[in-house]
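Shown below: model32.pdb, with PDB, C-alpha atoms.
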```
MODEL        1
ATOM      1  CA  MET A 291     153.793  71.241  82.618
ATOM      2  CA  ARG A 292     153.686  68.057  80.634
ATOM      3  CA  ASP A 293     150.719  66.715  82.642
ATOM      4  CA  ILE A 294     148.568  69.878  82.468
ATOM      5  CA  ASP A 295     146.104  69.702  79.611
ATOM      6  CA  PRO A 296     143.949  72.397  77.985
ATOM      7  CA  VAL A 297     140.814  71.195  79.775
ATOM      8  CA  SER A 298     142.435  71.780  83.167
ATOM      9  CA  ILE A 299     143.593  75.217  82.063
ATOM     10  CA  ARG A 300     140.086  76.158  80.882
ATOM     11  CA  LEU A 301     138.591  74.996  84.178
ATOM     12  CA  PHE A 302     141.174  76.968  86.129
ATOM     13  CA  LEU A 303     140.390  80.156  84.175
ATOM     14  CA  ALA A 304     136.656  79.561  84.525
ATOM     15  CA  THR A 305     137.110  79.281  88.289
ATOM     16  CA  LEU A 306     138.950  82.600  88.403
ATOM     17  CA  GLU A 307     136.355  84.302  86.220
ATOM     18  CA  GLU A 308     133.450  82.979  88.298
ATOM     19  CA  GLY A 309     135.169  83.348  91.671
ATOM     20  CA  SER A 310     133.796  79.963  92.679
ATOM     21  CA  ILE A 311     134.492  76.324  91.869
ATOM     22  CA  ALA A 312     130.768  75.563  92.006
ATOM     23  CA  ARG A 313     129.857  78.324  89.546
ATOM     24  CA  ALA A 314     132.715  77.357  87.241
ATOM     25  CA  ALA A 315     131.521  73.746  87.304
ATOM     26  CA  ALA A 316     127.973  74.819  86.438
ATOM     27  CA  ARG A 317     129.234  76.975  83.583
ATOM     28  CA  GLU A 318     131.385  74.198  82.167
ATOM     29  CA  ALA A 319     128.758  71.464  82.764
ATOM     30  CA  ILE A 320     130.964  69.375  85.045
ATOM     31  CA  VAL A 321     130.700  68.366  88.690
ATOM     32  CA  PRO A 322     132.501  70.624  91.213
ATOM     33  CA  SER A 323     134.599  67.779  92.572
ATOM     34  CA  ALA A 324     136.093  67.231  89.115
ATOM     35  CA  VAL A 325     137.029  70.914  88.838
ATOM     36  CA  SER A 326     138.589  70.860  92.311
ATOM     37  CA  LYS A 327     140.545  67.708  91.450
ATOM     38  CA  ARG A 328     141.889  69.208  88.233
ATOM     39  CA  ILE A 329     143.094  72.343  90.017
ATOM     40  CA  SER A 330     144.665  70.328  92.833
ATOM     41  CA  GLU A 331     146.525  68.241  90.257
ATOM     42  CA  MET A 332     147.817  71.438  88.621
ATOM     43  CA  GLU A 333     149.030  72.706  91.991
ATOM     44  CA  ALA A 334     150.781  69.413  92.628
ATOM     45  CA  GLU A 335     152.402  69.488  89.201
ATOM     46  CA  LEU A 336     153.589  73.088  89.577
ATOM     47  CA  LYS A 337     154.427  72.696  93.283
ATOM     48  CA  VAL A 338     152.753  76.020  94.204
ATOM     49  CA  PRO A 339     149.263  76.936  95.412
ATOM     50  CA  LEU A 340     147.215  78.591  92.679
ATOM     51  CA  LEU A 341     144.081  79.529  94.636
ATOM     52  CA  ASP A 342     143.230  80.962  98.011
ATOM     53  CA  ARG A 343     140.032  79.210  99.060
ATOM     54  CA  SER A 344     137.549  80.673 101.553
ATOM     55  CA  VAL A 345     133.840  80.535 102.366
ATOM     56  CA  LYS A 346     133.401  83.607 100.157
ATOM     57  CA  GLY A 347     134.916  81.918  97.107
ATOM     58  CA  VAL A 348     138.333  81.637  95.541
ATOM     59  CA  HIS A 349     141.004  84.147  94.578
ATOM     60  CA  PRO A 350     144.251  83.621  92.671
ATOM     61  CA  THR A 351     147.533  83.551  94.522
ATOM     62  CA  PRO A 352     150.421  85.474  92.914
ATOM     63  CA  ALA A 353     151.393  82.218  91.207
ATOM     64  CA  GLY A 354     147.790  81.786  90.080
ATOM     65  CA  GLN A 355     147.762  85.274  88.577
ATOM     66  CA  ALA A 356     150.957  84.540  86.666
ATOM     67  CA  LEU A 357     149.585  81.234  85.417
ATOM     68  CA  ALA A 358     146.330  82.901  84.326
ATOM     69  CA  HIS A 359     148.269  85.337  82.125
ATOM     70  CA  HIS A 360     150.161  82.541  80.373
ATOM     71  CA  ALA A 361     147.075  80.315  80.224
ATOM     72  CA  ARG A 362     145.021  82.936  78.395
ATOM     73  CA  ASN A 363     147.785  83.437  75.832
ATOM     74  CA  LEU A 364     148.075  79.672  75.400
ATOM     75  CA  LEU A 365     144.338  79.149  74.874
ATOM     76  CA  GLN A 366     144.113  82.084  72.483
ATOM     77  CA  GLY A 367     146.923  80.588  70.447
ATOM     78  CA  MET A 368     145.290  77.169  70.446
ATOM     79  CA  ASP A 369     141.930  78.638  69.464
ATOM     80  CA  ARG A 370     143.514  80.530  66.610
ATOM     81  CA  MET A 371     145.371  77.387  65.490
ATOM     82  CA  GLN A 372     142.156  75.371  65.472
ATOM     83  CA  ARG A 373     140.270  78.017  63.493
ATOM     84  CA  GLU A 374     143.061  78.312  60.973
ATOM     85  CA  MET A 375     143.361  74.549  60.557
ATOM     86  CA  ALA A 376     139.585  74.325  60.132
ATOM     87  CA  GLY A 377     139.964  76.865  57.377
ATOM     88  CA  TYR A 378     142.337  74.572  55.515
ATOM     89  CA  VAL A 379     139.803  71.750  55.718
ATOM     90  CA  GLU A 380     137.183  74.050  54.199
ATOM     91  CA  GLY A 381     139.544  75.317  51.510
ATOM     92  CA  VAL A 382     140.332  78.598  53.267
ATOM     93  CA  ARG A 383     144.054  79.098  53.615
ATOM     94  CA  GLY A 384     144.530  81.606  56.375
ATOM     95  CA  LEU A 385     142.623  83.653  58.926
ATOM     96  CA  ILE A 386     143.793  87.132  59.940
ATOM     97  CA  LYS A 387     142.553  88.864  63.080
ATOM     98  CA  VAL A 388     142.610  92.658  62.669
ATOM     99  CA  LEU A 389     141.910  95.409  65.216
ATOM    100  CA  ALA A 390     141.169  98.786  63.639
ATOM    101  CA  SER A 391     140.358 102.284  64.844
ATOM    102  CA  VAL A 392     137.221 104.190  63.925
ATOM    103  CA  THR A 393     139.412 106.618  61.950
ATOM    104  CA  SER A 394     140.855 103.808  59.840
ATOM    105  CA  LEU A 395     137.459 102.221  59.266
ATOM    106  CA  SER A 396     136.013 105.587  58.225
ATOM    107  CA  GLY A 397     138.793 106.019  55.669
ATOM    108  CA  GLU A 398     140.522 103.838  53.081
ATOM    109  CA  LEU A 399     140.984 100.676  55.149
ATOM    110  CA  PRO A 400     137.692  98.954  54.154
ATOM    111  CA  ALA A 401     138.529  99.414  50.460
ATOM    112  CA  ASP A 402     142.063  98.099  51.041
ATOM    113  CA  ILE A 403     140.646  95.045  52.815
ATOM    114  CA  MET A 404     138.166  94.316  50.031
ATOM    115  CA  ARG A 405     140.877  94.586  47.366
ATOM    116  CA  PHE A 406     142.980  92.108  49.332
ATOM    117  CA  ARG A 407     140.062  89.699  49.669
ATOM    118  CA  THR A 408     139.327  89.964  45.958
ATOM    119  CA  GLU A 409     142.935  89.095  45.151
ATOM    120  CA  ARG A 410     143.153  86.349  47.820
ATOM    121  CA  PRO A 411     139.671  84.920  48.395
ATOM    122  CA  GLN A 412     141.177  81.936  50.210
ATOM    123  CA  ILE A 413     142.135  84.170  53.157
ATOM    124  CA  GLU A 414     139.561  85.309  55.712
ATOM    125  CA  ILE A 415     139.881  88.606  57.592
ATOM    126  CA  ASP A 416     138.159  89.143  60.928
ATOM    127  CA  VAL A 417     137.950  92.889  61.718
ATOM    128  CA  GLU A 418     137.024  94.370  65.096
ATOM    129  CA  GLU A 419     136.799  98.072  65.938
ATOM    130  CA  ARG A 420     138.673  99.202  69.060
ATOM    131  CA  THR A 421     140.027 102.468  70.405
ATOM    132  CA  THR A 422     143.619 103.286  69.478
ATOM    133  CA  PRO A 423     145.151 102.447  72.897
ATOM    134  CA  ALA A 424     143.177  99.182  73.031
ATOM    135  CA  ILE A 425     144.396  98.238  69.554
ATOM    136  CA  TYR A 426     148.042  98.558  70.491
ATOM    137  CA  ARG A 427     147.449  96.667  73.747
ATOM    138  CA  GLY A 428     145.551  93.943  71.889
ATOM    139  CA  VAL A 429     148.319  93.367  69.353
ATOM    140  CA  ARG A 430     150.940  93.453  72.112
ATOM    141  CA  ASP A 431     148.941  90.846  74.096
ATOM    142  CA  GLY A 432     148.512  88.565  71.079
ATOM    143  CA  LEU A 433     144.762  89.163  70.689
ATOM    144  CA  ALA A 434     145.210  90.120  67.021
ATOM    145  CA  ASP A 435     147.691  89.634  64.226
ATOM    146  CA  VAL A 436     147.510  93.207  62.931
ATOM    147  CA  GLY A 437     146.367  96.554  64.298
ATOM    148  CA  ILE A 438     145.649  99.730  62.331
ATOM    149  CA  ALA A 439     145.481 102.869  64.449
ATOM    150  CA  SER A 440     146.656 106.453  64.704
ATOM    151  CA  GLU A 441     149.855 107.726  66.265
ATOM    152  CA  PHE A 442     147.876 109.122  69.223
ATOM    153  CA  ALA A 443     148.876 106.361  71.654
ATOM    154  CA  SER A 444     151.988 104.486  72.711
ATOM    155  CA  HIS A 445     152.974 101.565  70.496
ATOM    156  CA  GLU A 446     156.046 100.655  72.535
ATOM    157  CA  GLY A 447     157.082  97.030  72.115
ATOM    158  CA  LEU A 448     155.491  96.719  68.685
ATOM    159  CA  GLN A 449     156.805  96.812  65.146
ATOM    160  CA  VAL A 450     154.983  99.547  63.237
ATOM    161  CA  PHE A 451     154.822 100.584  59.585
ATOM    162  CA  PRO A 452     153.456 103.882  58.231
ATOM    163  CA  TYR A 453     150.011 103.473  56.690
ATOM    164  CA  ARG A 454     148.101 106.615  55.686
ATOM    165  CA  ARG A 455     148.200 110.236  56.737
ATOM    166  CA  TYR A 456     144.956 112.159  57.125
ATOM    167  CA  ALA A 457     143.966 115.740  57.914
ATOM    168  CA  LEU A 458     141.731 116.760  60.799
ATOM    169  CA  ALA A 459     139.110 119.465  60.427
ATOM    170  CA  ALA A 460     136.695 121.391  62.579
ATOM    171  CA  VAL A 461     133.124 120.435  61.734
ATOM    172  CA  LEU A 462     130.673 123.298  62.257
ATOM    173  CA  PRO A 463     127.043 124.129  61.498
ATOM    174  CA  ALA A 464     126.843 126.028  58.200
ATOM    175  CA  GLY A 465     125.734 129.210  59.965
ATOM    176  CA  HIS A 466     128.506 129.216  62.575
ATOM    177  CA  ALA A 467     130.588 132.385  62.937
ATOM    178  CA  LEU A 468     133.785 130.454  62.031
ATOM    179  CA  ALA A 469     132.285 128.432  59.181
ATOM    180  CA  GLU A 470     133.821 130.530  56.381
ATOM    181  CA  ALA A 471     137.375 130.495  57.736
ATOM    182  CA  ALA A 472     140.096 128.980  55.551
ATOM    183  CA  GLN A 473     141.807 127.389  58.566
ATOM    184  CA  LEU A 474     141.248 127.263  62.308
ATOM    185  CA  ALA A 475     143.271 126.531  65.400
ATOM    186  CA  TYR A 476     141.731 124.048  67.784
ATOM    187  CA  ALA A 477     141.767 126.691  70.520
ATOM    188  CA  GLN A 478     139.250 128.734  68.501
ATOM    189  CA  LEU A 479     136.652 126.003  69.049
ATOM    190  CA  LEU A 480     136.875 126.028  72.827
ATOM    191  CA  ALA A 481     134.290 128.767  73.317
ATOM    192  CA  ASP A 482     131.666 126.337  71.980
ATOM    193  CA  ASP A 483     130.241 123.121  73.360
ATOM    194  CA  LEU A 484     132.142 120.159  71.916
ATOM    195  CA  VAL A 485     131.121 116.768  70.573
ATOM    196  CA  GLU A 486     133.961 114.234  70.810
ATOM    197  CA  LEU A 487     134.827 110.569  70.650
ATOM    198  CA  SER A 488     134.767 108.546  73.850
ATOM    199  CA  ARG A 489     137.244 109.386  76.597
ATOM    200  CA  ASP A 490     139.309 106.221  75.893
ATOM    201  CA  SER A 491     139.998 107.201  72.269
ATOM    202  CA  GLY A 492     143.572 108.061  71.396
ATOM    203  CA  ILE A 493     142.827 111.645  70.358
ATOM    204  CA  SER A 494     141.125 112.581  73.638
ATOM    205  CA  GLN A 495     144.477 113.164  75.349
ATOM    206  CA  VAL A 496     145.585 115.334  72.431
ATOM    207  CA  PHE A 497     142.551 117.577  72.956
ATOM    208  CA  ASP A 498     143.283 117.753  76.687
ATOM    209  CA  ASP A 499     146.861 118.839  75.982
ATOM    210  CA  ALA A 500     145.774 121.384  73.370
ATOM    211  CA  ALA A 501     143.284 122.974  75.766
ATOM    212  CA  ARG A 502     145.946 123.191  78.493
ATOM    213  CA  ALA A 503     148.384 124.776  76.050
ATOM    214  CA  ALA A 504     145.712 127.367  75.225
ATOM    215  CA  ARG A 505     145.225 127.928  78.966
ATOM    216  CA  THR A 506     141.517 127.417  78.763
ATOM    217  CA  SER A 507     138.974 124.724  79.552
ATOM    218  CA  ARG A 508     136.651 122.927  77.217
ATOM    219  CA  THR A 509     133.072 121.790  77.636
ATOM    220  CA  VAL A 510     132.326 118.391  76.114
ATOM    221  CA  ARG A 511     128.574 118.144  75.646
ATOM    222  CA  ALA A 512     128.547 114.613  74.179
ATOM    223  CA  ARG A 513     130.938 111.687  73.755
ATOM    224  CA  VAL A 514     130.144 109.210  70.988
ATOM    225  CA  SER A 515     131.667 106.193  69.268
ATOM    226  CA  SER A 516     132.081 107.406  65.677
ATOM    227  CA  PHE A 517     132.959 110.462  63.615
ATOM    228  CA  GLU A 518     129.721 110.057  61.669
ATOM    229  CA  THR A 519     127.779 110.497  64.900
ATOM    230  CA  ILE A 520     129.819 113.621  65.709
ATOM    231  CA  CYS A 521     128.735 115.070  62.364
ATOM    232  CA  THR A 522     125.089 114.197  63.018
ATOM    233  CA  LEU A 523     125.061 115.822  66.459
ATOM    234  CA  VAL A 524     126.834 118.943  65.199
ATOM    235  CA  ALA A 525     124.211 119.231  62.461
ATOM    236  CA  ARG A 526     121.517 119.039  65.152
ATOM    237  CA  GLY A 527     123.008 121.921  67.069
ATOM    238  CA  MET A 528     124.739 120.141  69.949
ATOM    239  CA  GLY A 529     128.084 121.840  69.422
ATOM    240  CA  VAL A 530     131.164 121.644  67.216
ATOM    241  CA  GLY A 531     133.675 118.845  66.722
ATOM    242  CA  VAL A 532     136.877 117.589  65.117
ATOM    243  CA  VAL A 533     136.759 114.866  62.474
ATOM    244  CA  PRO A 534     138.874 113.667  59.539
ATOM    245  CA  LEU A 535     138.639 116.054  56.599
ATOM    246  CA  TYR A 536     137.888 113.156  54.254
ATOM    247  CA  LEU A 537     134.315 113.051  55.623
ATOM    248  CA  LYS A 538     133.625 116.405  53.964
ATOM    249  CA  ALA A 539     132.556 114.895  50.632
ATOM    250  CA  ALA A 540     129.967 112.636  52.256
ATOM    251  CA  LYS A 541     128.666 114.882  55.039
ATOM    252  CA  GLU A 542     129.011 118.578  54.235
ATOM    253  CA  LYS A 543     126.116 119.055  51.827
ATOM    254  CA  SER A 544     123.899 116.270  53.126
ATOM    255  CA  LEU A 545     123.941 117.575  56.713
ATOM    256  CA  GLY A 546     124.405 121.295  56.121
ATOM    257  CA  LEU A 547     127.865 121.427  57.704
ATOM    258  CA  ARG A 548     131.166 123.160  57.104
ATOM    259  CA  PHE A 549     134.554 121.419  57.365
ATOM    260  CA  VAL A 550     137.458 123.771  58.112
ATOM    261  CA  PRO A 551     141.005 122.298  58.219
ATOM    262  CA  LEU A 552     142.855 122.642  61.525
ATOM    263  CA  ALA A 553     146.209 124.398  61.500
ATOM    264  CA  ASP A 554     147.616 122.774  64.666
ATOM    265  CA  ASP A 555     150.871 120.847  64.282
ATOM    266  CA  TRP A 556     149.147 117.619  65.424
ATOM    267  CA  ALA A 557     146.264 117.959  62.936
ATOM    268  CA  GLN A 558     147.766 115.796  60.175
ATOM    269  CA  PRO A 559     148.419 112.512  61.989
ATOM    270  CA  ARG A 560     149.533 109.266  60.429
ATOM    271  CA  SER A 561     147.988 105.855  60.917
ATOM    272  CA  PHE A 562     150.249 102.897  61.596
ATOM    273  CA  ILE A 563     150.118  99.195  60.844
ATOM    274  CA  ALA A 564     151.186  97.487  64.067
ATOM    275  CA  VAL A 565     152.375  93.897  64.613
ATOM    276  CA  ARG A 566     154.334  92.178  67.345
ATOM    277  CA  ASP A 567     156.968  90.829  64.951
ATOM    278  CA  TYR A 568     156.497  90.763  61.186
ATOM    279  CA  ASP A 569     158.915  87.871  60.699
ATOM    280  CA  THR A 570     156.902  85.587  63.008
ATOM    281  CA  LEU A 571     153.472  86.448  61.553
ATOM    282  CA  PRO A 572     151.575  83.737  59.672
ATOM    283  CA  VAL A 573     152.190  83.954  55.931
ATOM    284  CA  ALA A 574     148.648  85.212  55.302
ATOM    285  CA  ALA A 575     149.093  88.077  57.778
ATOM    286  CA  GLN A 576     152.467  88.988  56.258
ATOM    287  CA  ALA A 577     150.781  89.194  52.853
ATOM    288  CA  PHE A 578     148.049  91.424  54.288
ATOM    289  CA  VAL A 579     150.555  93.815  55.879
ATOM    290  CA  ALA A 580     152.496  93.980  52.614
ATOM    291  CA  HIS A 581     149.250  94.728  50.741
ATOM    292  CA  LEU A 582     148.352  97.584  53.095
ATOM    293  CA  ARG A 583     151.808  99.116  52.816
ATOM    294  CA  GLU A 584     151.791  98.878  49.014
ATOM    295  CA  SER A 585     148.266 100.277  48.807
ATOM    296  CA  ALA A 586     149.146 103.246  51.012
ATOM    297  CA  ALA A 587     152.347 103.920  49.048
ATOM    298  CA  GLY A 588     150.478 103.742  45.765
ATOM    299  CA  GLY A 589     147.746 106.106  46.937
ATOM    300  CA  GLY A 590     150.053 108.607  48.621
ATOM    301  CA  ASP A 591     149.434 109.991  52.061
TER     302      ASP A 591
ENDMDL
END
```

Let's see the structure in the file written out as structure tokens.
Amino acid sequence: MRDIDPVSIRLFLATLEEGSIARAAAREAIVPSAVSKRISEMEAELKVPLLDRSVKGVHPTPAGQALAHHARNLLQGMDRMQREMAGYVEGVRGLIKVLASVTSLSGELPADIMRFRTERPQIEIDVEERTTPAIYRGVRDGLADVGIASEFASHEGLQVFPYRRYALAAVLPAGHALAEAAQLAYAQLLADDLVELSRDSGISQVFDDAARAARTSRTVRARVSSFETICTLVARGMGVGVVPLYLKAAKEKSLGLRFVPLADDWAQPRSFIAVRDYDTLPVAAQAFVAHLRESAAGGGD
């Protein structure tokens, strides 16, 4: 592929995303004939057709689909290289892309990040919240250097390190019949309406399995994007929920709630630090992973 340049690759991907050479050309501010010529040159270089062309638009051939996968990885790597090199010009030595779960961002991770940035102000950290399954997929696909997420999803193909363990608790209105219990089983909540995280969160499948094990159904009245919102809706009478116990200090008195630890064997999960391969990470990302591991070890579970 010595004669295929990044511009041609970008135009090819734009054509796939738009489903039309004309729309891709308009998006990229170039004439359609130039886009068509670039793609034809790529097909000649690779000796395979990349697009099926019809009056309704264009669609990738199997070879085109394979090329698109590699092309996206290539452009992501080039974009990251350019941003990191720009950082050196500006005196910033390193840029780390991090995907983190709502659980991690509600816990100790923000403080760990800020301590790292205080110690190494020359390194920038770009954090994006994702669901646990999406975090592991993103790291596996090279969309991030580091992921921090719970054990409630497959991390096959990744190198993972233990981060922090946290306890889950039922969150109930203060006047609820179960509010004064010392511990609860998740099954005891299933008679109530539930407020949960979105269906694509890692813990959703755990709740499904727990309900099946209890041989009962559950009624989810609302699905939201954060544990803080679960607490707010429970306080407003929409049901009961499950959240990390560490939110008790901030939410119990202010919202008139009760946090009761869950006794289920899955109710003390661990978060992981996930990377594709620690040894091939940029030096800045290696330092960040080492910082998180040391911070977690120093603070206990």

Give me the residues within 10 Å of segment 442-454 of chain A as an NGL selection string, counting all atoms listed in the file and dropping any in the same chain fewer than 5 places off. :A and (394 or 397-399 or 421-427 or 429-430 or 436-437 or 491-496 or 556 or 559-568 or 579-580 or 582-587 or 589-591)

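The space separating atom CA of Asp483 of chain A from atom CA of Arg511 of chain A comes to 5.7 Å.
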
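Reported to one decimal place, the separation of atom CA of Asp498 of chain A from atom CA of Val514 of chain A is 16.7 Å.
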
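Using all atoms listed in the file for every distance, the candidate list A:Ala358, A:Met404, A:Ala467, A:Val461 yields A:Val461 as the residue closest to Met528 of chain A.
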
Pairwise distance for atom CA of Glu335 of chain A and atom CA of Met371 of chain A, rounded to one decimal in Å: 26.0 Å

Report as an MDAnalysis selection string the residues that result from applying the PyMOL selection byres ((chain A and resi 299-314) around 9) to the structure here. chainID A and resid 294:298 315:323 325:326 328:329 332 341 343 346:350 358 361:362 365

Which residues of segment 491-527 of chain A come within 12 Å of segment 473-479 of chain A, and for each one, what is the closest pair of atoms and their distance in Å to one decimal, counting all atoms listed in the file, sorted by chain and residue number, as a tab-separated table?
```
residue	atom	partner	partner_atom	distance
A:Val496	CA	A:Tyr476	CA	10.6
A:Phe497	CA	A:Tyr476	CA	8.3
A:Asp498	CA	A:Ala477	CA	11.0
A:Asp499	CA	A:Ala477	CA	10.8
A:Ala500	CA	A:Ala477	CA	7.2
A:Ala501	CA	A:Ala477	CA	6.6
A:Arg502	CA	A:Ala477	CA	9.7
A:Ala503	CA	A:Ala477	CA	8.8
A:Ala504	CA	A:Ala477	CA	6.2
A:Arg505	CA	A:Ala477	CA	9.2
A:Thr506	CA	A:Ala477	CA	8.3
A:Ser507	CA	A:Ala477	CA	9.7
A:Arg508	CA	A:Leu479	CA	8.7
A:Thr509	CA	A:Leu479	CA	10.2
A:Val510	CA	A:Leu479	CA	11.3
```

Mind checking which residues fall within 8 Å of Thr393 of chain A, counting only C-alpha atoms, ignoring those fewer than 6 positions away in the same chain, and posting them as number ranges by chain? A: 439-440, 517, 534

Leu458 of chain A: which residues within 7 Å, counting all atoms listed in the file, same-chain residues fewer than 3 positions away excluded, as a list in words? Val532, Val533, Pro534, Leu535, Pro551, Leu552, Ala557 and Gln558 of chain A

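Nearest residue to His359 of chain A, choosing from A:Gly432, A:Gln412, A:Phe549, A:Ala512 and counting all atoms listed in the file: A:Gly432.
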
Counting only C-alpha atoms, which residue out of A:Gln355, A:Lys538, A:Ile413, A:Val392 sits closest to Leu487 of chain A? A:Val392

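Shortest atom-to-atom contact with Glu486 of chain A among A:Cys521, A:Ala469, A:Arg455, A:Leu433: A:Cys521, counting all atoms listed in the file.
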
Residue list as a ChimeraX atom specification for point (123.9, 119.6, 61.8), cut-off 7 Å, all atoms listed in the file: /A:463,521-527,545-547

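Taking all atoms listed in the file into account, Asp554 of chain A lies nearest to A:Ala459 out of the set A:Ala471, A:Ala356, A:Ala459, A:Ala464.
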
Neighbour list for Ala353 of chain A as number ranges by chain, cut-off 8 Å, all atoms listed in the file, skip fewer than 5 positions in-chain: A: 338-340

What box, with edges along x, y and z, holds each listed atom of segment 348-351 of chain A when 3 Å is added on every side, and can you state its centre and edge lengths in Å to one decimal, as AutoDock Vina command-line options?
```
--center_x 142.9 --center_y 82.9 --center_z 94.1 --size_x 15.2 --size_y 8.5 --size_z 8.9
```

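Nearest to Glu414 of chain A of all the residues A:Asp435, A:Leu385, A:His581, A:Met368 is A:Leu385, counting only C-alpha atoms.
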